[in-house]
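A.B. asks: To be precise about what I am sending: the file is called run_37.cif and holds mmCIF, C-alpha atoms.
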```cif
data_entry
loop_
_atom_site.label_atom_id
_atom_site.label_comp_id
_atom_site.auth_asym_id
_atom_site.auth_seq_id
_atom_site.Cartn_x
_atom_site.Cartn_y
_atom_site.Cartn_z
CA MET A 1 214.97 159.21 149.56
CA SER A 2 214.63 162.87 148.55
CA ASP A 3 215.08 165.77 150.97
CA ARG A 4 211.91 166.03 153.08
CA ARG A 5 212.19 169.82 153.04
CA LEU A 6 211.93 169.85 149.25
CA GLN A 7 208.91 167.52 149.36
CA VAL A 8 207.15 169.82 151.81
CA PHE A 9 208.05 172.97 149.86
CA HIS A 10 206.83 171.38 146.62
CA ALA A 11 203.50 170.46 148.26
CA VAL A 12 202.99 173.97 149.68
CA ALA A 13 203.81 175.57 146.32
CA LYS A 14 201.48 173.24 144.41
CA HIS A 15 198.56 173.43 146.84
CA GLY A 16 199.01 177.12 147.62
CA SER A 17 198.29 176.47 151.28
CA PHE A 18 200.10 175.17 154.36
CA THR A 19 196.86 173.52 155.50
CA ARG A 20 196.20 171.66 152.24
CA ALA A 21 199.87 170.66 151.98
CA ALA A 22 199.73 169.27 155.52
CA GLU A 23 196.62 167.23 154.66
CA HIS A 24 198.23 165.93 151.46
CA LEU A 25 201.43 164.94 153.30
CA HIS A 26 199.63 163.63 156.41
CA MET A 27 201.58 166.08 158.57
CA THR A 28 200.59 168.73 161.09
CA GLN A 29 200.61 172.34 159.93
CA PRO A 30 203.34 173.35 162.44
CA ALA A 31 205.53 170.54 161.07
CA VAL A 32 205.05 171.88 157.53
CA THR A 33 205.90 175.41 158.67
CA PHE A 34 209.04 174.11 160.41
CA GLN A 35 210.24 172.30 157.27
CA ILE A 36 209.77 175.42 155.14
CA LYS A 37 211.71 177.53 157.67
CA GLN A 38 214.50 174.93 157.69
CA LEU A 39 214.76 175.08 153.90
CA GLU A 40 214.73 178.90 153.84
CA ASP A 41 217.43 178.99 156.55
CA HIS A 42 219.53 176.45 154.62
CA LEU A 43 219.29 178.46 151.41
CA ASN A 44 219.47 181.81 153.22
CA ALA A 45 216.59 183.04 151.08
CA ARG A 46 212.88 183.74 151.40
CA LEU A 47 210.89 181.35 149.22
CA LEU A 48 207.28 182.22 150.05
CA GLU A 49 205.33 185.42 150.53
CA ARG A 50 202.53 185.14 153.07
CA GLY A 51 199.70 187.64 153.37
CA HIS A 52 195.93 188.05 153.37
CA GLY A 53 195.44 184.30 153.59
CA LYS A 54 197.36 183.69 150.36
CA ILE A 55 200.75 182.20 149.60
CA SER A 56 202.85 183.12 146.58
CA LEU A 57 206.36 182.23 145.46
CA THR A 58 209.16 184.73 145.50
CA SER A 59 211.44 184.82 142.45
CA THR A 60 213.87 182.60 144.38
CA GLY A 61 210.96 180.33 145.27
CA GLU A 62 210.12 179.92 141.57
CA LEU A 63 213.71 178.86 140.89
CA VAL A 64 213.77 176.44 143.81
CA LEU A 65 210.43 174.93 142.73
CA ALA A 66 211.77 174.21 139.24
CA TYR A 67 214.79 172.40 140.69
CA ALA A 68 212.70 170.68 143.36
CA GLU A 69 210.48 169.10 140.69
CA GLN A 70 213.53 167.77 138.85
CA ILE A 71 215.11 166.46 142.07
CA LEU A 72 211.91 164.79 143.27
CA ASP A 73 211.35 163.15 139.86
CA LEU A 74 214.92 161.82 139.85
CA SER A 75 214.54 160.58 143.41
CA GLU A 76 211.34 158.76 142.46
CA GLU A 77 213.08 157.27 139.44
CA LEU A 78 216.00 156.09 141.60
CA ASP A 79 213.71 154.44 144.15
CA SER A 80 211.75 152.73 141.37
CA ARG A 81 214.83 151.51 139.50
CA VAL A 82 216.34 150.02 142.67
CA ALA A 83 213.03 148.37 143.64
CA GLU A 84 212.69 146.90 140.16
CA LEU A 85 216.04 145.13 140.55
CA ALA A 86 214.33 142.92 143.13
CA GLY A 87 212.00 141.73 140.38
CA GLU A 88 208.58 141.95 142.03
CA LEU A 89 206.43 145.00 141.41
CA ALA A 90 205.64 146.84 144.63
CA GLY A 91 204.79 150.30 145.91
CA LYS A 92 202.01 152.87 145.97
CA LEU A 93 199.98 153.67 142.88
CA ASP A 94 198.12 156.99 143.09
CA ILE A 95 195.00 156.78 140.92
CA GLY A 96 192.51 159.56 140.24
CA SER A 97 189.11 158.61 138.91
CA ILE A 98 185.63 159.90 138.29
CA PRO A 99 183.10 158.00 140.48
CA ALA A 100 181.51 156.12 137.58
CA ILE A 101 184.81 154.53 136.55
CA ALA A 102 185.90 154.01 140.18
CA GLY A 103 182.66 152.17 140.84
CA TYR A 104 182.23 150.13 137.67
CA TRP A 105 185.51 149.71 135.78
CA LEU A 106 188.21 149.84 138.46
CA PRO A 107 187.06 147.13 140.91
CA PRO A 108 187.50 144.15 138.54
CA ILE A 109 190.66 145.68 137.05
CA LEU A 110 192.29 146.32 140.43
CA GLU A 111 191.20 142.92 141.75
CA ARG A 112 192.97 141.13 138.90
CA PHE A 113 196.01 143.42 139.10
CA LYS A 114 196.34 142.90 142.88
CA SER A 115 196.08 139.14 142.49
CA LYS A 116 199.01 139.33 140.10
CA TYR A 117 201.03 141.92 142.06
CA PRO A 118 199.95 141.66 145.74
CA ARG A 119 202.59 144.10 147.03
CA VAL A 120 201.15 147.01 145.04
CA LEU A 121 199.05 149.46 147.09
CA PRO A 122 196.49 151.33 144.95
CA ARG A 123 195.28 154.64 146.41
CA VAL A 124 192.17 155.93 144.62
CA THR A 125 191.10 159.58 144.79
CA MET A 126 187.72 160.47 143.30
CA GLY A 127 186.57 163.72 141.71
CA ASN A 128 185.05 165.09 138.53
CA SER A 129 186.92 165.05 135.23
CA ARG A 130 188.35 168.55 135.66
CA HIS A 131 189.68 167.75 139.15
CA ILE A 132 191.32 164.53 137.94
CA GLU A 133 192.87 166.26 134.90
CA GLU A 134 194.37 168.94 137.12
CA GLY A 135 195.68 166.36 139.59
CA VAL A 136 197.38 164.33 136.87
CA ALA A 137 198.81 167.44 135.17
CA ALA A 138 200.21 168.61 138.54
CA ARG A 139 201.73 165.14 139.02
CA ASP A 140 199.81 164.58 142.25
CA MET A 141 198.40 161.44 140.63
CA ASP A 142 200.26 158.73 138.69
CA ILE A 143 197.31 157.96 136.44
CA GLY A 144 193.77 159.24 135.96
CA PHE A 145 190.43 158.08 134.55
CA ILE A 146 188.01 160.67 133.15
CA GLU A 147 184.76 160.70 131.14
CA ALA A 148 185.59 163.18 128.39
CA ALA A 149 188.17 163.80 125.69
CA THR A 150 190.85 166.13 127.05
CA ASP A 151 192.99 168.84 125.49
CA ASN A 152 194.94 169.58 128.68
CA PRO A 153 198.58 169.98 127.56
CA GLY A 154 199.83 168.55 130.86
CA VAL A 155 198.30 165.11 130.34
CA GLU A 156 198.72 162.34 127.81
CA PRO A 157 195.67 160.23 126.87
CA ARG A 158 196.60 156.57 126.73
CA VAL A 159 193.42 154.60 126.05
CA ALA A 160 189.79 155.37 125.35
CA THR A 161 186.57 153.43 125.18
CA ARG A 162 183.01 154.55 124.60
CA GLU A 163 180.07 154.31 126.98
CA GLU A 164 176.50 154.64 125.76
CA LEU A 165 174.45 157.26 127.61
CA VAL A 166 170.93 156.50 128.82
CA VAL A 167 168.15 158.28 130.68
CA ILE A 168 167.54 156.91 134.16
CA CYS A 169 164.30 157.47 136.08
CA SER A 170 162.16 155.70 138.66
CA PRO A 171 159.96 152.87 137.31
CA SER A 172 156.87 154.99 138.08
CA HIS A 173 158.16 158.08 136.23
CA PRO A 174 156.13 159.22 133.14
CA LEU A 175 159.23 158.64 130.96
CA ALA A 176 159.70 155.04 132.08
CA GLY A 177 157.48 153.52 129.38
CA HIS A 178 159.35 154.98 126.41
CA GLU A 179 161.55 152.85 124.17
CA ARG A 180 163.77 155.82 123.22
CA LEU A 181 163.87 159.48 124.28
CA THR A 182 164.78 162.59 122.30
CA ALA A 183 165.97 165.87 123.81
CA ARG A 184 162.55 167.39 123.10
CA ASP A 185 160.86 164.49 124.95
CA LEU A 186 163.00 165.29 127.99
CA ALA A 187 162.98 169.09 128.06
CA ALA A 188 159.73 169.52 129.99
CA HIS A 189 160.60 167.03 132.75
CA PRO A 190 162.66 167.84 135.90
CA PHE A 191 166.33 167.16 135.12
CA ILE A 192 168.93 166.15 137.72
CA ASP A 193 172.27 167.45 136.43
CA ARG A 194 175.88 166.82 137.44
CA ASP A 195 178.25 169.44 138.87
CA PRO A 196 180.34 171.86 136.73
CA GLY A 197 183.56 170.16 135.65
CA SER A 198 181.86 166.82 135.11
CA GLY A 199 182.43 165.28 131.69
CA LEU A 200 179.01 163.67 131.90
CA ARG A 201 177.39 167.08 132.46
CA GLN A 202 179.11 168.35 129.30
CA ALA A 203 177.97 165.31 127.31
CA ALA A 204 174.36 165.77 128.44
CA HIS A 205 174.34 169.48 127.58
CA ASP A 206 175.90 168.71 124.18
CA PHE A 207 173.05 166.25 123.56
CA PHE A 208 170.43 168.95 124.26
CA LYS A 209 172.34 171.57 122.29
CA ALA A 210 172.63 169.32 119.20
CA ALA A 211 168.83 168.98 119.24
CA GLY A 212 168.33 172.73 119.43
CA VAL A 213 167.33 172.75 123.12
CA PRO A 214 169.13 175.64 124.87
CA ASP A 215 170.04 175.48 128.56
CA ASP A 216 167.26 177.88 129.56
CA GLU A 217 164.64 175.44 128.19
CA ILE A 218 165.93 172.54 130.30
CA ASN A 219 163.79 172.01 133.41
CA LEU A 220 166.69 171.84 135.88
CA CYS A 221 165.72 170.67 139.37
CA ALA A 222 169.10 169.85 140.97
CA GLU A 223 172.87 169.83 140.40
CA LEU A 224 174.68 167.09 142.30
CA GLY A 225 178.36 166.33 142.78
CA SER A 226 178.24 162.55 142.90
CA LEU A 227 176.70 159.73 140.93
CA THR A 228 175.44 158.14 144.15
CA ALA A 229 173.50 161.29 145.03
CA VAL A 230 172.05 161.46 141.52
CA LYS A 231 170.79 157.88 141.83
CA HIS A 232 169.16 158.58 145.19
CA PHE A 233 167.29 161.56 143.75
CA VAL A 234 166.25 159.54 140.68
CA ALA A 235 165.06 156.57 142.75
CA ALA A 236 163.02 158.95 144.90
CA GLY A 237 161.17 160.12 141.77
CA MET A 238 162.48 163.70 141.82
CA GLY A 239 163.38 163.67 138.13
CA PHE A 240 165.42 162.01 135.42
CA ALA A 241 169.18 161.99 134.89
CA ILE A 242 171.55 161.05 132.08
CA THR A 243 174.34 158.62 132.87
CA SER A 244 176.26 155.76 131.30
CA LYS A 245 174.53 152.46 130.62
CA ARG A 246 177.20 150.62 132.61
CA ALA A 247 176.79 152.86 135.66
CA SER A 248 173.05 152.16 135.82
CA ARG A 249 173.07 148.44 134.99
CA LEU A 250 172.91 147.04 138.53
CA ASP A 251 170.23 149.53 139.64
CA VAL A 252 168.09 148.57 136.63
CA GLN A 253 168.57 144.84 137.28
CA GLU A 254 167.49 145.29 140.91
CA GLY A 255 164.41 147.32 139.91
CA ARG A 256 165.35 150.62 141.54
CA MET A 257 165.22 152.52 138.26
CA THR A 258 164.60 152.22 134.54
CA ALA A 259 167.12 153.01 131.78
CA ILE A 260 165.95 154.29 128.37
CA PRO A 261 168.31 154.82 125.39
CA LEU A 262 168.66 158.29 123.89
CA GLU A 263 167.60 159.13 120.34
CA PRO A 264 169.94 159.54 118.56
CA ARG A 265 172.21 157.10 120.41
CA THR A 266 174.77 159.11 122.31
CA PHE A 267 178.14 158.10 123.75
CA THR A 268 180.67 159.52 126.15
CA THR A 269 184.42 158.86 126.02
CA LEU A 270 186.26 157.24 128.90
CA GLN A 271 189.98 157.95 128.90
CA MET A 272 193.01 156.92 130.90
CA ILE A 273 195.45 159.81 131.25
CA LEU A 274 199.03 160.07 132.50
CA PRO A 275 201.25 163.07 133.29
CA ARG A 276 202.97 164.23 130.12
CA ASP A 277 206.78 164.00 130.01
CA LYS A 278 207.04 162.44 133.48
CA PHE A 279 209.26 159.48 134.31
CA ARG A 280 207.14 156.36 134.50
CA SER A 281 208.20 153.55 136.75
CA ARG A 282 207.75 149.96 135.65
CA LEU A 283 204.80 149.80 138.04
CA ILE A 284 202.96 152.68 136.31
CA SER A 285 203.79 151.43 132.82
CA THR A 286 202.73 147.86 133.70
CA PHE A 287 199.45 149.06 135.20
CA ALA A 288 198.69 151.28 132.20
CA ASP A 289 199.25 148.36 129.82
CA PHE A 290 197.17 146.10 132.05
CA VAL A 291 194.25 148.57 132.01
CA CYS A 292 194.28 148.68 128.20
CA GLU A 293 194.14 144.88 128.02
CA GLU A 294 191.42 144.59 130.69
CA ILE A 295 189.13 147.21 129.15
CA ALA A 296 189.39 145.43 125.80
CA ARG A 297 188.71 142.04 127.45
CA ILE A 298 185.73 143.25 129.51
CA SER A 299 184.21 145.05 126.51
CA GLN A 300 184.52 141.94 124.33
CA GLU A 301 182.90 139.75 126.99
CA GLU A 302 179.99 142.17 127.38
CA ASP A 303 179.50 142.47 123.62
CA ALA A 304 179.42 138.69 123.33
CA ALA A 305 176.87 138.41 126.16
CA SER A 306 174.55 141.12 124.80
#
```
Show me this structure written as structure tokens.

C.D. replies:
Amino acid sequence: MSDRRLQVFHAVAKHGSFTRAAEHLHMTQPAVTFQIKQLEDHLNARLLERGHGKISLTSTGELVLAYAEQILDLSEELDSRVAELAGELAGKLDIGSIPAIAGYWLPPILERFKSKYPRVLPRVTMGNSRHIEEGVAARDMDIGFIEAATDNPGVEPRVATREELVVICSPSHPLAGHERLTARDLAAHPFIDRDPGSGLRQAAHDFFKAAGVPDDEINLCAELGSLTAVKHFVAAGMGFAITSKRASRLDVQEGRMTAIPLEPRTFTTLQMILPRDKFRSRLISTFADFVCEEIARISQEEDAAS
């Protein structure tokens, strides 16, 4: 319901690029440029400085952005309040998630949520923990799932659970026969690491650091940006990786790789985060509560089965 020109201006200001704003809004770049010109003509003021491939806000642009955020939030609140009068939850739910959670926690949670609220449309964007934190803090995402404790002032942690970390390697790897593995056991073997910004990367490096193994003693053979890529490299016998026990369970069951616990046992924190101080529709609040209940239920079932 909000002014389309303000939506476009907000996207350009947040993404710092006409191209990225156009992609985010599913518009053409000329259409984005036209909307910005319309807003500047309406306000009789220049809002953006363009030069050397960069975009920055003028002082007037900073003022307009502050008001645009308030107007867009109020417009979203109005749409949600009116929709809620109809009773049934409906609408888009923008979710950001690290791949491990998107692949192993979210499917059963979203399946049960959709069966209860079929008119809800979840849209899942994947990235590392840093990317998801930034997306939630910028209010580009309604809710996020990350694999590390966060101190980002723009987000509010809502629920956390722990995942045990394990070493994964091919069944023929020299490490595969161990019952447990220390950092010193691992240091000499080729290590497949995650990308910077990954919470799992930080957890793995903290494990080595706690055992007195500095980064320059780790036999790094690759840094990969996705869990799927890591698994392919591991299955091919290129080295070992550290990941969550849950994320490797199916691969272990199907014989593609072996999982060995760390010594001492090591855990990573999975958190659900929401934008701080942002209006939350009944849809977002209901989903957040549902996630808390489902994580507790799934964890209890797995504990009982193990």

A.B. asks: Measuring between only C-alpha atoms, which one of A:Ala102, A:Met272, A:Cys169, A:Ala22 shows the shortest distance to Val155 of chain A?

C.D. replies: A:Met272

A.B. asks: Between A:His232, A:Arg180, A:Arg249, A:His24, which has the minimum distance to Leu262 of chain A (counting only C-alpha atoms)?

C.D. replies: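 Among the listed residues, the smallest separation from Leu262 of chain A belongs to A:Arg180.
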
A.B. asks: Could you tell me which residues the PyMOL selection byres ((chain A and resi 45) around 12) grabs in this file, written as a PyMOL selection string?

C.D. replies: chain A and resi 36-44+46-49+57-64

A.B. asks: Would you export the selected residues with C-alpha atoms as a PDB file, in the coordinates of the input, please?

C.D. replies:
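The file below, result_34.pdb, is the result:
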```pdb
ATOM      1  CA  ILE A  36     209.770 175.420 155.140  1.00  0.00           C
ATOM      2  CA  LYS A  37     211.710 177.530 157.670  1.00  0.00           C
ATOM      3  CA  GLN A  38     214.500 174.930 157.690  1.00  0.00           C
ATOM      4  CA  LEU A  39     214.760 175.080 153.900  1.00  0.00           C
ATOM      5  CA  GLU A  40     214.730 178.900 153.840  1.00  0.00           C
ATOM      6  CA  ASP A  41     217.430 178.990 156.550  1.00  0.00           C
ATOM      7  CA  HIS A  42     219.530 176.450 154.620  1.00  0.00           C
ATOM      8  CA  LEU A  43     219.290 178.460 151.410  1.00  0.00           C
ATOM      9  CA  ASN A  44     219.470 181.810 153.220  1.00  0.00           C
ATOM     10  CA  ARG A  46     212.880 183.740 151.400  1.00  0.00           C
ATOM     11  CA  LEU A  47     210.890 181.350 149.220  1.00  0.00           C
ATOM     12  CA  LEU A  48     207.280 182.220 150.050  1.00  0.00           C
ATOM     13  CA  GLU A  49     205.330 185.420 150.530  1.00  0.00           C
ATOM     14  CA  LEU A  57     206.360 182.230 145.460  1.00  0.00           C
ATOM     15  CA  THR A  58     209.160 184.730 145.500  1.00  0.00           C
ATOM     16  CA  SER A  59     211.440 184.820 142.450  1.00  0.00           C
ATOM     17  CA  THR A  60     213.870 182.600 144.380  1.00  0.00           C
ATOM     18  CA  GLY A  61     210.960 180.330 145.270  1.00  0.00           C
ATOM     19  CA  GLU A  62     210.120 179.920 141.570  1.00  0.00           C
ATOM     20  CA  LEU A  63     213.710 178.860 140.890  1.00  0.00           C
ATOM     21  CA  VAL A  64     213.770 176.440 143.810  1.00  0.00           C
TER      22      VAL A  64
END
```

A.B. asks: Between atom CA of Ala138 of chain A and atom CA of Ala31 of chain A, what distance in Å does the model show, to one decimal?

C.D. replies: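 About the pair atom CA of Ala138 of chain A and atom CA of Ala31 of chain A: they are 23.2 Å apart.
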
A.B. asks: Within 8 Å of Leu227 of chain A, counting all atoms listed in the file, which residues qualify if same-chain residues fewer than 6 places away don't, as a PyMOL selection string?

C.D. replies: chain A and resi 99-100+194

A.B. asks: So which one's closest to Glu156 of chain A, A:Ala203, A:Ala68, A:Val136, A:Ile101? Using only C-alpha atoms, please.

C.D. replies: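 Nearest candidate to Glu156 of chain A out of A:Ala203, A:Ala68, A:Val136, A:Ile101: A:Val136.
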
A.B. asks: Rounded to one decimal in Å, what is the spacing between atom CA of Leu165 of chain A and atom CA of Glu301 of chain A?

C.D. replies: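 If I compute the distance from atom CA of Leu165 of chain A to atom CA of Glu301 of chain A, I get 19.5 Å.
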
A.B. asks: Using atom CA of Leu106 of chain A and atom CA of Ile168 of chain A as the two end points, give the distance in Å to one decimal.

C.D. replies: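 These atoms are spaced 22.3 Å apart.
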
A.B. asks: Would you kindly return, as a ChimeraX atom specification, each protein, DNA or RNA residue with an atom no farther than 8 Å from any atom of segment 8-17 of chain A, considering all atoms listed in the file and excluding same-chain residues fewer than 3 positions away?

C.D. replies: /A:4-5,20-21,24-25,32,35-36,54-57,65,68-69,138

A.B. asks: For the file shown, report as a list in words the outcome of the PyMOL selection byres ((chain A and resi 152) around 10) at residue level.

C.D. replies: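 Taken on the displayed file, the PyMOL selection byres ((chain A and resi 152) around 10) yields the residues Arg130, Glu133, Glu134, Ala137, Ala149, Thr150, Asp151, Pro153, Gly154, Val155, Glu156, Pro157 and Arg276 of chain A.
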
A.B. asks: Please save C-alpha atoms of the selected residues as an mmCIF file, in the frame of the given file.

C.D. replies:
```cif
data_model
loop_
_atom_site.group_PDB
_atom_site.id
_atom_site.type_symbol
_atom_site.label_atom_id
_atom_site.label_comp_id
_atom_site.auth_asym_id
_atom_site.auth_seq_id
_atom_site.Cartn_x
_atom_site.Cartn_y
_atom_site.Cartn_z
ATOM 1 C CA ARG A 130 188.350 168.550 135.660
ATOM 2 C CA GLU A 133 192.870 166.260 134.900
ATOM 3 C CA GLU A 134 194.370 168.940 137.120
ATOM 4 C CA ALA A 137 198.810 167.440 135.170
ATOM 5 C CA ALA A 149 188.170 163.800 125.690
ATOM 6 C CA THR A 150 190.850 166.130 127.050
ATOM 7 C CA ASP A 151 192.990 168.840 125.490
ATOM 8 C CA PRO A 153 198.580 169.980 127.560
ATOM 9 C CA GLY A 154 199.830 168.550 130.860
ATOM 10 C CA VAL A 155 198.300 165.110 130.340
ATOM 11 C CA GLU A 156 198.720 162.340 127.810
ATOM 12 C CA PRO A 157 195.670 160.230 126.870
ATOM 13 C CA ARG A 276 202.970 164.230 130.120
#
```

A.B. asks: Once the PyMOL selection byres ((chain A and resi 239) around 7) has been applied to the shown file, what residues remain in the selection, as a VMD selection string?

C.D. replies: chain A and resid 169 189 to 192 234 237 to 238 240 to 241

A.B. asks: Show which residues sit within 8 Å of Arg162 of chain A, as a ChimeraX atom specification. Count all atoms listed in the file, and ignore same-chain residues fewer than 5 positions away.

C.D. replies: /A:267-270

A.B. asks: Export C-alpha atoms of the chosen residues as a PDB file, in the frame of the given file?

C.D. replies:
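The result, stored in result_9.pdb:
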```pdb
ATOM      1  CA  PHE A 267     178.140 158.100 123.750  1.00  0.00           C
ATOM      2  CA  THR A 268     180.670 159.520 126.150  1.00  0.00           C
ATOM      3  CA  THR A 269     184.420 158.860 126.020  1.00  0.00           C
ATOM      4  CA  LEU A 270     186.260 157.240 128.900  1.00  0.00           C
TER       5      LEU A 270
END
```

A.B. asks: Need the shell around segment 250-257 of chain A: protein/DNA/RNA residues with any atom at most 12 Å away, counting all atoms listed in the file. Skip same-chain ones fewer than 5 positions apart. Format as an NGL selection string?

C.D. replies: :A and (103-104 or 166-173 or 175-177 or 228 or 230-237 or 239-241 or 244-245)

A.B. asks: Could you tell me which of A:Leu89, A:Ala160, A:Ile260, A:Arg265 comes closest to Phe113 of chain A if we count all atoms listed in the file?

C.D. replies: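 Between A:Leu89, A:Ala160, A:Ile260, A:Arg265, the residue approaching Phe113 of chain A most closely is A:Leu89.
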
A.B. asks: Using only C-alpha atoms, what residues lie at most 9 Å away from (181.0, 163.7, 135.7) (file coordinates), given as a PDB file with C-alpha atoms, in the coordinates of the input?

C.D. replies:
```
ATOM      1  CA  ILE A  98     185.630 159.900 138.290  1.00  0.00           C
ATOM      2  CA  PRO A  99     183.100 158.000 140.480  1.00  0.00           C
ATOM      3  CA  ALA A 100     181.510 156.120 137.580  1.00  0.00           C
ATOM      4  CA  GLY A 127     186.570 163.720 141.710  1.00  0.00           C
ATOM      5  CA  ASN A 128     185.050 165.090 138.530  1.00  0.00           C
ATOM      6  CA  SER A 129     186.920 165.050 135.230  1.00  0.00           C
ATOM      7  CA  ARG A 130     188.350 168.550 135.660  1.00  0.00           C
ATOM      8  CA  ILE A 146     188.010 160.670 133.150  1.00  0.00           C
ATOM      9  CA  GLU A 147     184.760 160.700 131.140  1.00  0.00           C
ATOM     10  CA  ALA A 148     185.590 163.180 128.390  1.00  0.00           C
ATOM     11  CA  ARG A 194     175.880 166.820 137.440  1.00  0.00           C
ATOM     12  CA  ASP A 195     178.250 169.440 138.870  1.00  0.00           C
ATOM     13  CA  PRO A 196     180.340 171.860 136.730  1.00  0.00           C
ATOM     14  CA  GLY A 197     183.560 170.160 135.650  1.00  0.00           C
ATOM     15  CA  SER A 198     181.860 166.820 135.110  1.00  0.00           C
ATOM     16  CA  GLY A 199     182.430 165.280 131.690  1.00  0.00           C
ATOM     17  CA  LEU A 200     179.010 163.670 131.900  1.00  0.00           C
ATOM     18  CA  ARG A 201     177.390 167.080 132.460  1.00  0.00           C
ATOM     19  CA  GLN A 202     179.110 168.350 129.300  1.00  0.00           C
ATOM     20  CA  GLY A 225     178.360 166.330 142.780  1.00  0.00           C
ATOM     21  CA  SER A 226     178.240 162.550 142.900  1.00  0.00           C
ATOM     22  CA  LEU A 227     176.700 159.730 140.930  1.00  0.00           C
ATOM     23  CA  THR A 243     174.340 158.620 132.870  1.00  0.00           C
TER      24      THR A 243
END
```
